[in-house]
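A.B. asks: Below is my_file-v5.cif; it holds mmCIF, C-alpha atoms.
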```
data_data
loop_
_atom_site.label_atom_id
_atom_site.label_comp_id
_atom_site.auth_asym_id
_atom_site.auth_seq_id
_atom_site.Cartn_x
_atom_site.Cartn_y
_atom_site.Cartn_z
CA MET A 1 0.00 0.00 0.00
CA PRO A 2 1.37 3.46 -0.84
CA TRP A 3 2.16 5.94 1.95
CA LYS A 4 0.65 8.86 0.10
CA ASN A 5 -2.93 9.29 -0.95
CA ALA A 6 -3.80 8.28 -4.52
CA HIS A 7 -6.59 9.82 -6.63
CA ASP A 8 -8.87 6.86 -5.79
CA ARG A 9 -7.93 5.93 -2.24
CA TYR A 10 -6.25 7.04 0.97
CA GLY A 11 -2.63 6.14 1.68
CA VAL A 12 -1.26 4.50 4.83
CA VAL A 13 -0.30 7.75 6.57
CA ALA A 14 -3.74 9.34 6.14
CA MET A 15 -5.42 6.12 7.34
CA ILE A 16 -3.23 5.89 10.43
CA PHE A 17 -4.03 9.55 11.22
CA HIS A 18 -7.76 9.03 10.61
CA TRP A 19 -8.28 5.86 12.63
CA GLY A 20 -5.71 6.68 15.29
CA ILE A 21 -7.27 10.07 15.97
CA ALA A 22 -10.77 8.56 15.88
CA LEU A 23 -9.84 5.98 18.52
CA THR A 24 -8.06 8.59 20.64
CA VAL A 25 -11.07 10.93 20.50
CA PHE A 26 -13.47 8.19 21.61
CA GLY A 27 -11.08 7.25 24.42
CA LEU A 28 -10.68 10.85 25.57
CA PHE A 29 -14.43 11.40 25.45
CA GLY A 30 -15.16 8.33 27.59
CA VAL A 31 -12.37 8.99 30.07
CA GLY A 32 -13.32 12.67 30.23
CA LEU A 33 -16.92 11.90 31.11
CA TYR A 34 -15.88 9.32 33.68
CA MET A 35 -13.08 11.19 35.41
CA VAL A 36 -15.06 14.33 36.28
CA ASP A 37 -17.35 12.25 38.51
CA LEU A 38 -14.62 10.46 40.46
CA SER A 39 -14.60 11.02 44.20
CA TYR A 40 -11.53 12.60 45.74
CA TYR A 41 -10.41 9.36 47.36
CA ASP A 42 -10.56 7.33 44.14
CA SER A 43 -7.12 6.04 43.14
CA LEU A 44 -7.77 7.34 39.61
CA TYR A 45 -8.72 10.86 40.75
CA ASN A 46 -5.34 12.27 39.74
CA LYS A 47 -4.24 9.62 37.22
CA LEU A 48 -7.09 9.87 34.70
CA PRO A 49 -6.89 13.66 34.34
CA HIS A 50 -3.10 13.29 33.93
CA TRP A 51 -3.58 10.75 31.13
CA HIS A 52 -6.40 12.79 29.60
CA ARG A 53 -4.28 15.98 29.55
CA SER A 54 -1.20 14.18 28.27
CA THR A 55 -3.09 12.36 25.51
CA GLY A 56 -4.78 15.62 24.53
CA VAL A 57 -1.40 17.29 23.99
CA LEU A 58 -0.22 14.39 21.81
CA LEU A 59 -3.51 14.64 19.91
CA ALA A 60 -2.83 18.32 19.27
CA PHE A 61 0.55 17.50 17.75
CA ALA A 62 -1.02 14.72 15.68
CA LEU A 63 -3.66 17.15 14.37
CA VAL A 64 -1.03 19.63 13.22
CA LEU A 65 0.98 16.87 11.50
CA ARG A 66 -2.21 15.53 9.94
CA LEU A 67 -3.09 18.90 8.44
CA LEU A 68 0.46 19.35 7.11
CA TRP A 69 0.26 15.90 5.57
CA ARG A 70 -3.11 16.73 4.09
CA PHE A 71 -1.63 19.72 2.25
CA TRP A 72 1.40 17.68 1.17
CA SER A 73 -0.74 14.74 0.07
CA PRO A 74 -4.33 15.84 -0.70
CA PRO A 75 -7.24 13.44 -0.19
CA PRO A 76 -8.52 11.39 -3.16
CA THR A 77 -10.98 13.02 -5.53
CA PRO A 78 -14.66 12.44 -4.64
CA LEU A 79 -16.39 9.48 -6.26
CA SER A 80 -18.13 10.46 -9.48
CA SER A 81 -21.32 8.90 -8.13
CA HIS A 82 -21.45 11.51 -5.33
CA THR A 83 -23.74 14.46 -6.00
CA ILE A 84 -22.47 18.02 -5.73
CA MET A 85 -24.46 18.36 -2.50
CA GLU A 86 -22.88 15.23 -1.02
CA ARG A 87 -19.40 16.49 -1.91
CA ARG A 88 -20.01 19.86 -0.34
CA LEU A 89 -21.57 18.38 2.78
CA ALA A 90 -18.73 15.89 3.21
CA ALA A 91 -16.04 18.55 2.75
CA ALA A 92 -17.81 20.95 5.13
CA MET A 93 -18.13 18.17 7.71
CA HIS A 94 -14.42 17.37 7.48
CA TRP A 95 -13.41 20.98 8.12
CA VAL A 96 -15.93 21.40 10.94
CA LEU A 97 -14.51 18.26 12.56
CA TYR A 98 -10.98 19.68 12.30
CA LEU A 99 -12.19 22.94 13.78
CA LEU A 100 -13.92 21.18 16.69
CA LEU A 101 -10.84 19.03 17.36
CA PHE A 102 -8.65 22.11 17.55
CA GLY A 103 -11.28 23.79 19.74
CA MET A 104 -11.16 20.76 22.04
CA VAL A 105 -7.39 20.66 22.47
CA ILE A 106 -7.14 24.43 22.92
CA SER A 107 -9.97 24.69 25.47
CA GLY A 108 -8.65 21.62 27.30
CA TYR A 109 -5.18 23.11 27.45
CA LEU A 110 -6.60 26.37 28.83
CA ILE A 111 -8.38 24.56 31.70
CA SER A 112 -5.05 23.19 32.85
CA VAL A 113 -2.97 26.35 32.50
CA ALA A 114 -5.56 28.87 33.77
CA ASP A 115 -3.57 29.13 37.00
CA GLY A 116 -0.48 30.09 35.01
CA ARG A 117 1.28 26.78 35.54
CA GLY A 118 2.27 24.24 32.92
CA PHE A 119 1.81 20.51 33.29
CA SER A 120 3.65 17.28 32.64
CA VAL A 121 2.83 15.16 29.58
CA PHE A 122 3.14 11.52 30.71
CA GLY A 123 6.18 12.60 32.70
CA TRP A 124 8.05 12.88 29.37
CA PHE A 125 8.16 16.64 29.05
CA GLU A 126 6.60 19.78 30.46
CA MET A 127 3.83 21.53 28.54
CA PRO A 128 4.38 25.20 29.41
CA ALA A 129 1.66 27.69 30.26
CA LEU A 130 1.73 30.18 27.39
CA ILE A 131 -0.59 32.56 29.23
CA GLU A 132 -0.60 34.38 32.53
CA ARG A 133 -2.84 33.23 35.36
CA ARG A 134 -6.42 34.35 34.65
CA PRO A 135 -9.11 34.03 37.30
CA ASN A 136 -12.06 31.86 36.29
CA LEU A 137 -10.57 31.05 32.87
CA GLU A 138 -10.84 27.36 33.83
CA ASP A 139 -14.62 27.81 34.09
CA THR A 140 -15.06 29.42 30.68
CA ALA A 141 -12.63 27.00 29.04
CA GLY A 142 -14.17 24.06 30.89
CA ASP A 143 -17.72 24.87 29.80
CA ILE A 144 -16.58 25.32 26.20
CA HIS A 145 -14.63 22.06 26.38
CA GLU A 146 -17.73 20.20 27.54
CA TRP A 147 -20.04 21.69 24.90
CA LEU A 148 -17.55 21.16 22.08
CA ALA A 149 -17.08 17.55 23.20
CA TRP A 150 -20.78 16.77 22.85
CA THR A 151 -21.01 18.65 19.55
CA LEU A 152 -17.99 16.76 18.26
CA ILE A 153 -19.38 13.36 19.25
CA VAL A 154 -22.74 14.13 17.58
CA LEU A 155 -21.01 15.25 14.37
CA VAL A 156 -18.67 12.24 14.44
CA ALA A 157 -21.76 10.02 14.67
CA MET A 158 -23.22 11.81 11.61
CA HIS A 159 -19.88 11.47 9.78
CA ALA A 160 -19.77 7.72 10.59
CA GLY A 161 -23.45 7.33 9.73
CA ALA A 162 -22.85 8.93 6.33
CA ALA A 163 -19.92 6.57 5.68
CA LEU A 164 -22.05 3.55 6.60
CA LYS A 165 -24.88 4.83 4.40
CA HIS A 166 -22.49 5.01 1.44
CA HIS A 167 -21.18 1.52 2.23
CA PHE A 168 -24.40 -0.37 2.87
CA ILE A 169 -27.07 1.58 1.00
CA ASP A 170 -25.29 3.24 -1.92
CA ARG A 171 -22.78 0.35 -1.97
CA ASP A 172 -20.01 2.64 -3.17
CA ALA A 173 -16.29 2.77 -2.28
CA THR A 174 -16.44 5.75 0.13
CA LEU A 175 -15.69 3.74 3.30
CA ARG A 176 -13.47 1.15 1.58
CA ARG A 177 -11.14 3.92 0.44
CA MET A 178 -10.42 4.68 4.09
CA LEU A 179 -9.91 0.98 4.83
CA GLY A 180 -7.05 0.50 2.43
CA ARG A 181 -9.07 -0.86 -0.45
CA GLY A 182 -9.54 1.07 -3.65
CA LYS A 183 -12.36 1.06 -6.16
CA MET B 1 0.40 94.47 68.97
CA ASN B 2 -2.20 93.76 66.35
CA PHE B 3 -0.42 90.56 65.77
CA MET B 4 -0.66 89.59 69.45
CA LYS B 5 -4.30 90.52 69.57
CA ASN B 6 -5.19 88.35 66.63
CA THR B 7 -3.28 85.46 68.11
CA GLY B 8 -5.19 85.86 71.32
CA LYS B 9 -8.47 85.75 69.44
CA SER B 10 -7.37 82.65 67.61
CA PHE B 11 -6.56 80.93 70.84
CA ALA B 12 -9.96 81.80 72.21
CA ALA B 13 -11.64 80.46 69.10
CA ALA B 14 -9.60 77.30 69.30
CA GLY B 15 -10.54 76.86 72.95
CA LEU B 16 -14.20 77.25 72.12
CA ALA B 17 -13.94 74.73 69.30
CA LEU B 18 -12.20 72.29 71.62
CA ALA B 19 -14.87 72.75 74.29
CA LEU B 20 -17.58 71.99 71.72
CA ALA B 21 -15.67 69.04 70.39
CA VAL B 22 -15.21 67.30 73.73
CA PRO B 23 -18.82 66.13 74.20
CA ALA B 24 -18.74 64.77 70.63
CA ALA B 25 -15.57 62.85 71.41
CA GLN B 26 -17.22 61.35 74.47
CA ALA B 27 -19.95 59.97 72.15
CA ASP B 28 -17.10 57.79 70.82
CA GLU B 29 -15.46 58.94 67.63
CA ARG B 30 -15.24 55.33 66.37
CA SER B 31 -18.98 54.90 65.87
CA GLY B 32 -20.33 54.72 62.37
CA THR B 33 -20.94 52.62 59.31
CA TYR B 34 -17.86 51.17 57.64
CA LYS B 35 -17.67 49.75 54.15
CA PHE B 36 -15.14 46.99 53.52
CA ASP B 37 -12.07 48.33 51.74
CA ARG B 38 -12.78 46.45 48.56
CA GLU B 39 -11.00 48.90 46.32
CA GLY B 40 -7.78 48.78 48.32
CA GLN B 41 -8.26 45.04 48.80
CA HIS B 42 -7.79 45.07 52.55
CA GLN B 43 -10.30 42.30 52.95
CA PHE B 44 -9.93 38.54 52.97
CA VAL B 45 -12.24 35.56 53.22
CA GLN B 46 -9.86 32.67 53.67
CA PHE B 47 -10.43 29.05 54.50
CA ARG B 48 -8.16 26.38 55.82
CA ILE B 49 -8.93 22.70 55.40
CA SER B 50 -6.97 19.56 56.07
CA HIS B 51 -5.56 17.68 53.10
CA LEU B 52 -5.90 13.98 53.95
CA GLY B 53 -4.78 14.82 57.48
CA PHE B 54 -1.25 15.47 56.16
CA SER B 55 -1.22 19.24 55.74
CA TYR B 56 -3.45 22.29 55.49
CA LEU B 57 -4.76 23.73 52.29
CA TYR B 58 -5.53 27.46 52.19
CA GLY B 59 -7.96 29.01 49.79
CA ARG B 60 -9.84 32.24 49.52
CA PHE B 61 -12.75 34.02 47.89
CA ASN B 62 -11.59 36.87 45.69
CA ASP B 63 -14.94 38.56 45.14
CA PHE B 64 -17.01 39.65 48.11
CA ASP B 65 -18.29 42.79 49.72
CA GLY B 66 -19.72 43.89 53.02
CA GLU B 67 -20.04 46.52 55.67
CA PHE B 68 -20.27 46.81 59.40
CA HIS B 69 -21.84 49.21 61.79
CA PHE B 70 -19.79 49.92 64.90
CA ASP B 71 -21.42 51.36 67.98
CA GLY B 72 -18.60 52.68 70.16
CA GLU B 73 -20.76 53.38 73.18
CA ASN B 74 -22.46 50.03 73.14
CA PRO B 75 -20.40 47.65 70.97
CA GLU B 76 -22.97 44.88 71.43
CA ASN B 77 -25.25 46.89 69.14
CA SER B 78 -22.72 46.58 66.33
CA SER B 79 -23.45 44.47 63.26
CA VAL B 80 -21.81 43.12 60.12
CA SER B 81 -22.99 41.73 56.79
CA VAL B 82 -20.96 40.01 54.07
CA THR B 83 -21.90 38.75 50.59
CA VAL B 84 -19.49 36.39 48.87
CA GLN B 85 -19.56 35.42 45.18
CA THR B 86 -18.88 31.71 45.47
CA ARG B 87 -17.53 31.41 41.91
CA SER B 88 -14.52 33.48 42.98
CA VAL B 89 -13.14 30.63 45.11
CA ASP B 90 -9.41 30.37 44.53
CA SER B 91 -7.03 27.72 45.84
CA ASN B 92 -4.34 28.56 43.29
CA HIS B 93 -5.00 25.42 41.23
CA SER B 94 -7.36 25.77 38.27
CA GLU B 95 -8.57 22.17 38.06
CA ARG B 96 -9.11 21.90 41.81
CA ASP B 97 -11.00 25.21 41.78
CA ARG B 98 -13.24 23.86 39.05
CA HIS B 99 -13.97 20.82 41.20
CA ILE B 100 -14.67 22.97 44.28
CA ARG B 101 -17.18 24.96 42.18
CA ASP B 102 -19.15 21.97 40.95
CA GLU B 103 -21.98 20.05 42.61
CA ASP B 104 -19.61 18.06 44.83
CA PHE B 105 -18.74 21.15 46.85
CA LEU B 106 -20.03 24.71 46.46
CA TYR B 107 -22.36 24.13 43.46
CA VAL B 108 -21.83 27.74 42.38
CA SER B 109 -24.10 27.57 39.32
CA GLU B 110 -27.03 26.88 41.65
CA TYR B 111 -25.84 28.88 44.68
CA PRO B 112 -23.81 31.82 43.35
CA GLN B 113 -23.75 33.70 46.65
CA ALA B 114 -22.93 32.97 50.26
CA THR B 115 -23.92 35.49 52.91
CA PHE B 116 -23.34 36.24 56.56
CA GLU B 117 -25.65 38.50 58.56
CA SER B 118 -24.84 39.04 62.22
CA THR B 119 -27.67 38.76 64.73
CA SER B 120 -25.90 39.50 68.01
CA VAL B 121 -22.55 40.53 69.45
CA ALA B 122 -21.26 39.44 72.85
CA MET B 123 -18.24 41.42 74.05
CA HIS B 124 -15.59 39.61 76.08
CA ASP B 125 -13.27 42.56 76.60
CA GLU B 126 -12.54 45.78 74.75
CA ASP B 127 -11.16 44.05 71.68
CA ARG B 128 -12.72 40.61 71.67
CA ALA B 129 -16.24 39.47 70.92
CA THR B 130 -18.30 36.58 69.71
CA VAL B 131 -20.31 37.64 66.68
CA THR B 132 -23.26 35.34 66.14
CA GLY B 133 -25.06 35.36 62.83
CA ASP B 134 -26.71 33.49 59.98
CA LEU B 135 -24.35 32.00 57.46
CA THR B 136 -26.00 30.96 54.20
CA LEU B 137 -23.85 28.64 52.13
CA ARG B 138 -24.94 26.28 49.33
CA GLY B 139 -28.54 27.27 50.05
CA VAL B 140 -28.37 26.22 53.72
CA THR B 141 -28.68 28.83 56.47
CA ARG B 142 -27.14 28.06 59.84
CA GLU B 143 -26.24 30.03 62.90
CA VAL B 144 -22.49 30.32 63.44
CA ASP B 145 -20.28 32.05 66.01
CA LEU B 146 -17.32 34.10 64.81
CA ASP B 147 -14.52 34.70 67.33
CA MET B 148 -13.83 38.31 66.45
CA GLU B 149 -10.90 40.53 67.32
CA LEU B 150 -10.88 44.28 66.88
CA VAL B 151 -7.40 44.71 65.44
CA GLY B 152 -7.13 48.49 65.20
CA TYR B 153 -8.73 51.78 64.23
CA GLY B 154 -7.91 55.40 63.55
CA ASP B 155 -7.16 57.95 60.85
CA ASP B 156 -5.27 56.61 57.89
CA PRO B 157 -2.58 58.72 56.17
CA TRP B 158 -4.94 59.60 53.29
CA GLY B 159 -7.84 61.28 55.07
CA ASN B 160 -10.15 58.40 55.93
CA TYR B 161 -11.04 56.72 59.18
CA ARG B 162 -10.51 52.98 59.29
CA MET B 163 -11.24 50.06 61.56
CA GLY B 164 -10.23 46.45 61.09
CA PHE B 165 -11.36 43.08 62.41
CA GLU B 166 -10.35 39.50 62.13
CA GLY B 167 -12.66 36.65 63.00
CA HIS B 168 -12.86 32.93 62.46
CA THR B 169 -15.21 30.04 62.87
CA THR B 170 -15.22 26.33 62.14
CA LEU B 171 -17.75 24.80 59.75
CA LYS B 172 -18.71 21.20 59.14
CA LEU B 173 -19.04 20.60 55.37
CA ASP B 174 -21.92 18.21 55.98
CA ASP B 175 -23.89 20.90 57.86
CA PHE B 176 -24.13 22.86 54.62
CA GLY B 177 -25.06 19.92 52.45
CA ILE B 178 -21.68 19.48 50.75
CA PRO B 179 -21.94 15.90 49.50
CA GLU B 180 -18.29 15.06 48.82
CA GLU B 181 -17.00 12.83 51.63
CA LEU B 182 -13.60 13.81 52.95
CA PRO B 183 -13.08 11.74 56.11
CA GLU B 184 -9.95 13.61 57.21
CA ALA B 185 -11.35 16.98 56.19
CA ASP B 186 -14.97 17.08 57.25
CA GLU B 187 -14.63 20.58 58.65
CA LEU B 188 -12.80 23.74 57.75
CA LYS B 189 -11.73 26.95 59.40
CA LEU B 190 -13.22 30.06 57.84
CA ILE B 191 -11.40 33.34 58.41
CA LEU B 192 -12.79 36.82 57.77
CA SER B 193 -10.16 39.53 57.94
CA VAL B 194 -11.38 42.96 56.92
CA GLU B 195 -10.68 46.65 57.14
CA GLY B 196 -13.58 49.07 56.85
CA ILE B 197 -13.57 52.71 55.79
CA ARG B 198 -16.02 54.86 57.71
CA GLN B 199 -18.61 56.43 55.45
#
```
Turn this file's structure into structure tokens for me.
C.D. replies:
Amino acid sequence: MPWKNAHDRYGVVAMIFHWGIALTVFGLFGVGLYMVDLSYYDSLYNKLPHWHRSTGVLLAFALVLRLLWRFWSPPPTPLSSHTIMERRLAAAMHWVLYLLLFGMVISGYLISVADGRGFSVFGWFEMPALIERRPNLEDTAGDIHEWLAWTLIVLVAMHAGAALKHHFIDRDATLRRMLGRGK
Amino acid sequence: MNFMKNTGKSFAAAGLALALAVPAAQADERSGTYKFDREGQHQFVQFRISHLGFSYLYGRFNDFDGEFHFDGENPENSSVSVTVQTRSVDSNHSERDRHIRDEDFLYVSEYPQATFESTSVAMHDEDRATVTGDLTLRGVTREVDLDMELVGYGDDPWGNYRMGFEGHTTLKLDDFGIPEELPEADELKLILSVEGIRQ
């Protein structure tokens, strides 16, 4: 399989980005929902937020690399069977998903650094606070983070639903092209 | 000679003014209504709570206001009221503050304000008193006793008259419906340290 995208299918790099980020986002969403309800004495009370923060930072780097790769190696051309409307909707959805993902990592980062302190990423390196301490920023950022998360999950479900519709109802190659099979 | 005469008159006038002023001074110059020095930020609502029984955590509320009325002749007629914006809680750790603000602790979206209204003052000596009042926190109103100390009073260097107090009390979290269970930290010390400017 080629690394780069071809005109009729995605390459290995784009697929790894797509499915890796998808899995990571589901994981972060589940852990995020679970960890905010932990009691103070739970052994995971500090661990899960640490993992969530750390993974979020790695996700941010992955998103930047993914976008760079996307410009270097553009996605395949839409199937000729897709209507103009379908093409526009799909493209709009992709960019909205990117926007939401960046919104998620930025708002999440701001929750953690609202007190002006950076944080450790898996103990590997320190993510610095690029802003000064700002009172109640963690509230604004936290509320945005929560709303964006739900919006993202709903849109991801629509995105996945559309892919499944193309696969099972239209019986075209839309989903297969992201699974390493052309045509 | 004219000079001497005028000086004599001035002295007489000053004496008269002094004589008039004395009864006023006996009414106790400290009496009056004092607003907390919010602008100069000489006011603190602090709390101290045990962390797992290992150490003490200090936090504060950054946004609150209040005033007190001081009756110098009969200090037991004095009173104080405080309104705290609970969202301004600050323990110098953004994620912890967010947890303290949610339903597990202060539930600030539902109960944005905490208030204290004194109901009685019992003097122990010139500078010490127990101030009893209603503390409303997380929607629950309970009577609490503040051990209050009159720290100082007098003219400040900028033309105002100031008076300052510090008081503290101990609260049980459970008494105010805080659901999070912290076995080693079921109560906290609440400290009010304020300076008022006489209006």
A.B. asks: For the atom pair atom CA of B:Leu173 and atom CA of B:Pro112, what is the interatomic distance in Å to one decimal place?
C.D. replies: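 Between these atoms lies a distance of 17.1 Å.
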A.B. asks: Compile a residue-level contact table for stretch 109-179 of chain B against stretch 83-100 of chain B at a cut-off of 10 Å, reporting for every qualifying residue the shortest atom pair and its distance in Å to one decimal, with all atoms listed in the file counted, rows ordered by chain and ascending number, as a tab-separated table.
C.D. replies:
```
residue	atom	partner	partner_atom	distance
B:Ser109	CA	B:Arg87	CA	8.0
B:Tyr111	CA	B:Thr86	CA	7.6
B:Pro112	CA	B:Thr86	CA	5.4
B:Gln113	CA	B:Gln85	CA	4.8
B:Ala114	CA	B:Val84	CA	5.0
B:Thr115	CA	B:Thr83	CA	4.5
B:Phe116	CA	B:Thr83	CA	6.6
B:Glu117	CA	B:Thr83	CA	8.8
B:Leu135	CA	B:Thr83	CA	9.9
B:Thr136	CA	B:Thr83	CA	9.5
B:Leu137	CA	B:Thr86	CA	8.9
B:Arg138	CA	B:Thr86	CA	9.0
```
A.B. asks: Can you give me, as a list in words, the residues this file yields under the PyMOL selection byres ((chain B and resi 123) around 12)?
C.D. replies: Gly72, Asn74, Pro75, Glu76, Asn77, Ser78, Ser120, Val121, Ala122, His124, Asp125, Glu126, Asp127, Arg128, Ala129, Thr130, Val131, Thr132, Leu146, Asp147, Met148, Glu149 and Leu150 of chain B
A.B. asks: Just write the chosen residues, C-alpha atoms, as an mmCIF file, in the frame of the given file.
C.D. replies:
```cif
data_model
loop_
_atom_site.group_PDB
_atom_site.id
_atom_site.type_symbol
_atom_site.label_atom_id
_atom_site.label_comp_id
_atom_site.auth_asym_id
_atom_site.auth_seq_id
_atom_site.Cartn_x
_atom_site.Cartn_y
_atom_site.Cartn_z
ATOM 1 C CA GLY B 72 -18.600 52.680 70.160
ATOM 2 C CA ASN B 74 -22.460 50.030 73.140
ATOM 3 C CA PRO B 75 -20.400 47.650 70.970
ATOM 4 C CA GLU B 76 -22.970 44.880 71.430
ATOM 5 C CA ASN B 77 -25.250 46.890 69.140
ATOM 6 C CA SER B 78 -22.720 46.580 66.330
ATOM 7 C CA SER B 120 -25.900 39.500 68.010
ATOM 8 C CA VAL B 121 -22.550 40.530 69.450
ATOM 9 C CA ALA B 122 -21.260 39.440 72.850
ATOM 10 C CA HIS B 124 -15.590 39.610 76.080
ATOM 11 C CA ASP B 125 -13.270 42.560 76.600
ATOM 12 C CA GLU B 126 -12.540 45.780 74.750
ATOM 13 C CA ASP B 127 -11.160 44.050 71.680
ATOM 14 C CA ARG B 128 -12.720 40.610 71.670
ATOM 15 C CA ALA B 129 -16.240 39.470 70.920
ATOM 16 C CA THR B 130 -18.300 36.580 69.710
ATOM 17 C CA VAL B 131 -20.310 37.640 66.680
ATOM 18 C CA THR B 132 -23.260 35.340 66.140
ATOM 19 C CA LEU B 146 -17.320 34.100 64.810
ATOM 20 C CA ASP B 147 -14.520 34.700 67.330
ATOM 21 C CA MET B 148 -13.830 38.310 66.450
ATOM 22 C CA GLU B 149 -10.900 40.530 67.320
ATOM 23 C CA LEU B 150 -10.880 44.280 66.880
#
```
A.B. asks: Need to verify the contact set: A:Leu58, 12 Å, all atoms listed in the file, exclusion of same-chain residues closer than 4 positions in sequence. Can you return it as a list in words?
C.D. replies: Gly20, Ile21, Thr24, Val25, Leu28, Trp51, His52, Arg53, Ser54, Ala62, Leu63, Val64, Leu65, Val105, Tyr109, Ser120, Val121, Phe122, Trp124, Phe125 and Met127 of chain A
A.B. asks: Each residue of chain A with at least one atom at most 10 Å from chain B should appear once, together with its nearest atom pair and the corresponding distance in Å (one decimal); atoms considered: only C-alpha atoms; ordering: chain, then increasing residue number; output as a Markdown table.
C.D. replies:
```
| residue | atom | partner | partner_atom | distance |
| --- | --- | --- | --- | --- |
| A:Val36 | CA | B:His99 | CA | 8.2 |
| A:Asp37 | CA | B:Asp104 | CA | 8.9 |
| A:Ser39 | CA | B:Glu180 | CA | 7.2 |
| A:Tyr40 | CA | B:Leu182 | CA | 7.6 |
| A:Tyr41 | CA | B:Leu182 | CA | 7.8 |
| A:Pro49 | CA | B:Glu95 | CA | 9.4 |
| A:Leu110 | CA | B:Ser94 | CA | 9.5 |
| A:Ile111 | CA | B:Ser94 | CA | 6.8 |
| A:Ser112 | CA | B:Glu95 | CA | 6.4 |
| A:Val113 | CA | B:Ser94 | CA | 7.3 |
| A:Ala114 | CA | B:Ser94 | CA | 5.8 |
| A:Asp115 | CA | B:Ser94 | CA | 5.2 |
| A:Gly116 | CA | B:Ser94 | CA | 8.8 |
| A:Arg117 | CA | B:His93 | CA | 8.6 |
| A:Arg133 | CA | B:Ser94 | CA | 9.2 |
| A:Arg134 | CA | B:Ser94 | CA | 9.4 |
| A:Pro135 | CA | B:Ser88 | CA | 7.9 |
| A:Asn136 | CA | B:Ser88 | CA | 7.3 |
| A:Leu137 | CA | B:Ser94 | CA | 8.2 |
| A:Glu138 | CA | B:Ser94 | CA | 5.9 |
| A:Asp139 | CA | B:Arg98 | CA | 6.5 |
| A:Gly142 | CA | B:Arg98 | CA | 8.2 |
```
A.B. asks: So, counting all atoms listed in the file, which residue among A:Ala6, A:Leu23, A:Met85, A:Met104 is closest to A:Gly180?
C.D. replies: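 Looking only at the distances to A:Gly180, the closest residue turns out to be A:Ala6.
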A.B. asks: Could you state the separation of atom CA of A:Val156 and atom CA of A:Asn5 in Å, given to one decimal place?
C.D. replies: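 Separation between atom CA of A:Val156 and atom CA of A:Asn5: 22.2 Å.
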A.B. asks: Suppose a student applies the PyMOL selection byres ((chain B and resi 191) around 10) to this structure; what residues should they get, written as a JSON list (two decimals) with C-alpha atoms, keeping the file's coordinate frame?
C.D. replies:
```
[["chain", "number", "residue", "atom", "x", "y", "z"],
["B", 44, "PHE", "CA", -9.93, 38.54, 52.97],
["B", 45, "VAL", "CA", -12.24, 35.56, 53.22],
["B", 46, "GLN", "CA", -9.86, 32.67, 53.67],
["B", 47, "PHE", "CA", -10.43, 29.05, 54.50],
["B", 48, "ARG", "CA", -8.16, 26.38, 55.82],
["B", 60, "ARG", "CA", -9.84, 32.24, 49.52],
["B", 146, "LEU", "CA", -17.32, 34.10, 64.81],
["B", 147, "ASP", "CA", -14.52, 34.70, 67.33],
["B", 148, "MET", "CA", -13.83, 38.31, 66.45],
["B", 166, "GLU", "CA", -10.35, 39.50, 62.13],
["B", 167, "GLY", "CA", -12.66, 36.65, 63.00],
["B", 168, "HIS", "CA", -12.86, 32.93, 62.46],
["B", 169, "THR", "CA", -15.21, 30.04, 62.87],
["B", 170, "THR", "CA", -15.22, 26.33, 62.14],
["B", 188, "LEU", "CA", -12.80, 23.74, 57.75],
["B", 189, "LYS", "CA", -11.73, 26.95, 59.40],
["B", 190, "LEU", "CA", -13.22, 30.06, 57.84],
["B", 192, "LEU", "CA", -12.79, 36.82, 57.77],
["B", 193, "SER", "CA", -10.16, 39.53, 57.94],
["B", 194, "VAL", "CA", -11.38, 42.96, 56.92]]
```
